[in-house]
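Single-structure report; data block below.
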Amino acid sequence: MMELRELLLRWNLPHSLSLHPTFYQTPLPILGLYTLFGTIIAYSIAKMFGFGSRNEFAVEGQTVVLTGGSDGMGKAVATQLAAKGANVIVVARTVTKLQAAVDEMKANAANSHKQRFHYISADLTDPNECDRVISEATTWNAGTAPDIVWCCAGFSRPGFFIDVPIKEHKQQMDTIYWTAANTAHSTLRNWLAPVEPSGQMKFSRRHLIFTCSTLAFVPVAGYSPYSSAKAAIRSLSDTLSQEIEMYNGAFSQRHHSKAPAADVKIHNIFPMGITSPGFDNEQKIKPDLTKKLEEADKPQTPEEVAKISIAALERGEYLVTTNLIGAFMKGTALGPSPRNSIIGDTLLSWLSNLVFLQVIPDLRGKAYAWGKKNGLPENSPRS
Ligand SMILES: NC(=O)C1=CN([C@@H]2O[C@H](COP(=O)(O)OP(=O)(O)OC[C@H]3O[C@@H](n4cnc5c(N)ncnc54)[C@H](OP(=O)(O)O)[C@@H]3O)[C@@H](O)[C@H]2O)C=CC1
Ligand SMILES: CCCCCCCCCCCCCCCC(=O)[C@@H](N)CO
């Protein structure tokens with residue numbers, strides 16, 4: 001087999017420098033493999049730290065509509081987007097909390113003279129209210145639709161499937177799935193409306209962001225009212241990630257035919273536990289078994305989750321997780337979703353599928369052992 005030394009000799013290159021002599025005896029195919037793996041690893045590490053990539057989520061001067069922006073993760077996202085120079089409208093039901101969020105954004109703004117902040121009180125389970133939010137946001141934004149819409153509204157009411165009345169299951173579907181689907185529907189109808197070539201203005205890309213939970217990837221006993229609704233959002237965002245390409249294709253022809261005013265990117269965030277007011281509430285009614293099954297999770301602060309999520313959007317990720325266990329839960333359930341990186345996500349899914357061969361029987365085994373030891377659960381306190 002040809003060695004490196006011969007190649008260097010042939011090309012008249014130095015072949016006996018200060019490196020160890022055995023280096024020059026490396027067979028060329030082996031050297032090729034080293035180079036290949038070295039490049040892949042260097043590329044992955046560089047990508048991980050964001051080298052060589054531009055900011056895919058530059059929010060300075062952009063207008064953001066953020067649902068659930070008055071508390072927990074949403075409020076932390078609002079504050080951090082304000083600190084990055086965005087104009088932000090927070091949407092939720094309770095006015096006092098919304099006003100506090102606007103004050104916090106003002107206090108953290110990058111440029112308080114230029115940036116503007118606003119709130120709209122609305123119950124997003126009502127689709128008409130979502131239409132009103134987008135239309136009021138457009139008026140407030142000098143007649144232009146918002147650049148970014150981030151759906152973060154929602155809370156969890158855990159409980160075992162048969163203990164939770166059907167009415168409450170439906171309410172969770174309304175609070176989780178329908179607040180997001182209604183907001184997405186109003187937003188996309190507005191963004192994707194056809195514009196004549198003569199009416200096209202120059203816009204940067206628009207972003208529609210959903211907020212799920214890693215429970216949409218791997219459900220846990222006691223979360224059925226919630227994880228089913230989050231899984232439905234995941235399916236919606238995967239569908240939209242395909243449908244949107246049709247509109248983006250039409251957008252590429254905007255100089256010749258009618259097309260949307262901007263191209264659109266879809267994203268979906270999958271946090272683990274977040275130490276938010278919503279989390280404190282769900283803990284009060286959460287079955288003890290559920291607490292045990294999720295004990296591997298160390299809840300993160302809203303600020304941490306917001307920071308990690310925004311950084312991932314800046315790297316241009318589609319499915320976003322916020323910590324290592326979250327990444328494993330995603331890895332085992334990647335299915336048909338578009339990948340953030342072919343190599344990274346493929347290796348992650350192989351590894352996660354091996355890990356979950358052990359995790360799934362472990363979750364079921366713990367539930368079985370719990371019933372064997374404690375008998376039937378007492379109805380958990382629900383208010
Ligand atoms: N906390 C956790 O452990 C986790 C949470 N998540 C998800 O992350 C997101 C943020 O959670 P978290 O930080 O706990 O949030 P909080 O529960 O602390 O806050 C929820 C926000 O949503 C708003 N909201 C709730 N219902 C409606 C509605 N019908 N219409 C309009 N606004 C509404 C609330 O305001 P108001 O009540 O005034 O309307 C509030 O601003 C949610 O989607 C949640 O499901 C994901 C993983 C873990
Ligand atoms: C190495 C791999 C190990 C994998 C272990 C898997 C164990 C499951 C952990 C489930 C954690 C759920 C967090 C989401 C919480 C949430 O969304 C609610 N709090 C809603 O508000």
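The chains in the structure tokens are called A, B, ... from first to last as shown; in each chain the residues are counted from 1, and the ligands are counted from 1 in the order shown.
Near A:Val149, within 7 Å and counting only C-alpha atoms, sit Val64, Val65, Leu66, His207, Leu208 and Ile209 of chain A; same-chain residues fewer than 5 positions away were not included.
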Since we have the selection now, will you write its residues out, keeping N, CA, C and O atoms, as a PDB file, in the first residue's frame?
```
ATOM      1  N   VAL A  64     -42.105  41.311  16.905  1.00  0.00           N
ATOM      2  CA  VAL A  64     -42.426  39.956  17.363  1.00  0.00           C
ATOM      3  C   VAL A  64     -43.767  39.941  18.089  1.00  0.00           C
ATOM      4  O   VAL A  64     -44.014  40.790  18.945  1.00  0.00           O
ATOM      5  N   VAL A  65     -44.633  38.988  17.733  1.00  0.00           N
ATOM      6  CA  VAL A  65     -45.829  38.720  18.538  1.00  0.00           C
ATOM      7  C   VAL A  65     -45.546  37.451  19.332  1.00  0.00           C
ATOM      8  O   VAL A  65     -45.202  36.420  18.763  1.00  0.00           O
ATOM      9  N   LEU A  66     -45.660  37.552  20.651  1.00  0.00           N
ATOM     10  CA  LEU A  66     -45.284  36.436  21.519  1.00  0.00           C
ATOM     11  C   LEU A  66     -46.460  36.087  22.415  1.00  0.00           C
ATOM     12  O   LEU A  66     -46.831  36.865  23.308  1.00  0.00           O
ATOM     13  N   HIS A 207     -40.634  34.189  10.681  1.00  0.00           N
ATOM     14  CA  HIS A 207     -40.513  32.961  11.488  1.00  0.00           C
ATOM     15  C   HIS A 207     -41.789  32.704  12.281  1.00  0.00           C
ATOM     16  O   HIS A 207     -42.294  33.605  12.962  1.00  0.00           O
ATOM     17  N   LEU A 208     -42.271  31.453  12.210  1.00  0.00           N
ATOM     18  CA  LEU A 208     -43.374  31.011  13.062  1.00  0.00           C
ATOM     19  C   LEU A 208     -42.827  29.933  13.992  1.00  0.00           C
ATOM     20  O   LEU A 208     -42.305  28.914  13.526  1.00  0.00           O
ATOM     21  N   ILE A 209     -42.937  30.198  15.294  1.00  0.00           N
ATOM     22  CA  ILE A 209     -42.305  29.300  16.271  1.00  0.00           C
ATOM     23  C   ILE A 209     -43.362  28.706  17.198  1.00  0.00           C
ATOM     24  O   ILE A 209     -44.188  29.442  17.755  1.00  0.00           O
TER      25      ILE A 209
END
```
Problem - Expected answer as a ChimeraX atom specification: strand (DSSP E or B) residues in stretch 141-213 of chain A - result: /A:148-151,195,206-211
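For the set A:Lys291, A:Arg54, A:Lys265, A:His185, the residue with the smallest atom-to-atom gap to ligand 1 is A:Lys291, counting only C-alpha atoms and all ligand atoms.
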Practice task
Compute the set of protein, DNA and RNA residues whose minimum atom distance to ligand 2 is at most 9 Å, using only C-alpha atoms and all ligand atoms, and state it as a PyMOL selection string.
Solution key: chain A and resi 154-158+212-216+218-220+223+226-227+230+270-276+278-279+282-283+290+293-299+324-329+352+355-356+359-360+363
Practice task
Apply DSSP to the backbone of this structure and, from stretch 46-200 of chain A, keep only the residues in alpha helix (DSSP H); write these as a VMD selection string.
Solution key: chain A and resid 46 to 48 72 to 83 95 to 108 127 to 140 166 to 172 179 to 191
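Counting only C-alpha atoms and all ligand atoms, the residue from A:Ala142, A:Met73, A:Ala83, A:Ile89 that sits nearest to ligand 1 is A:Met73.
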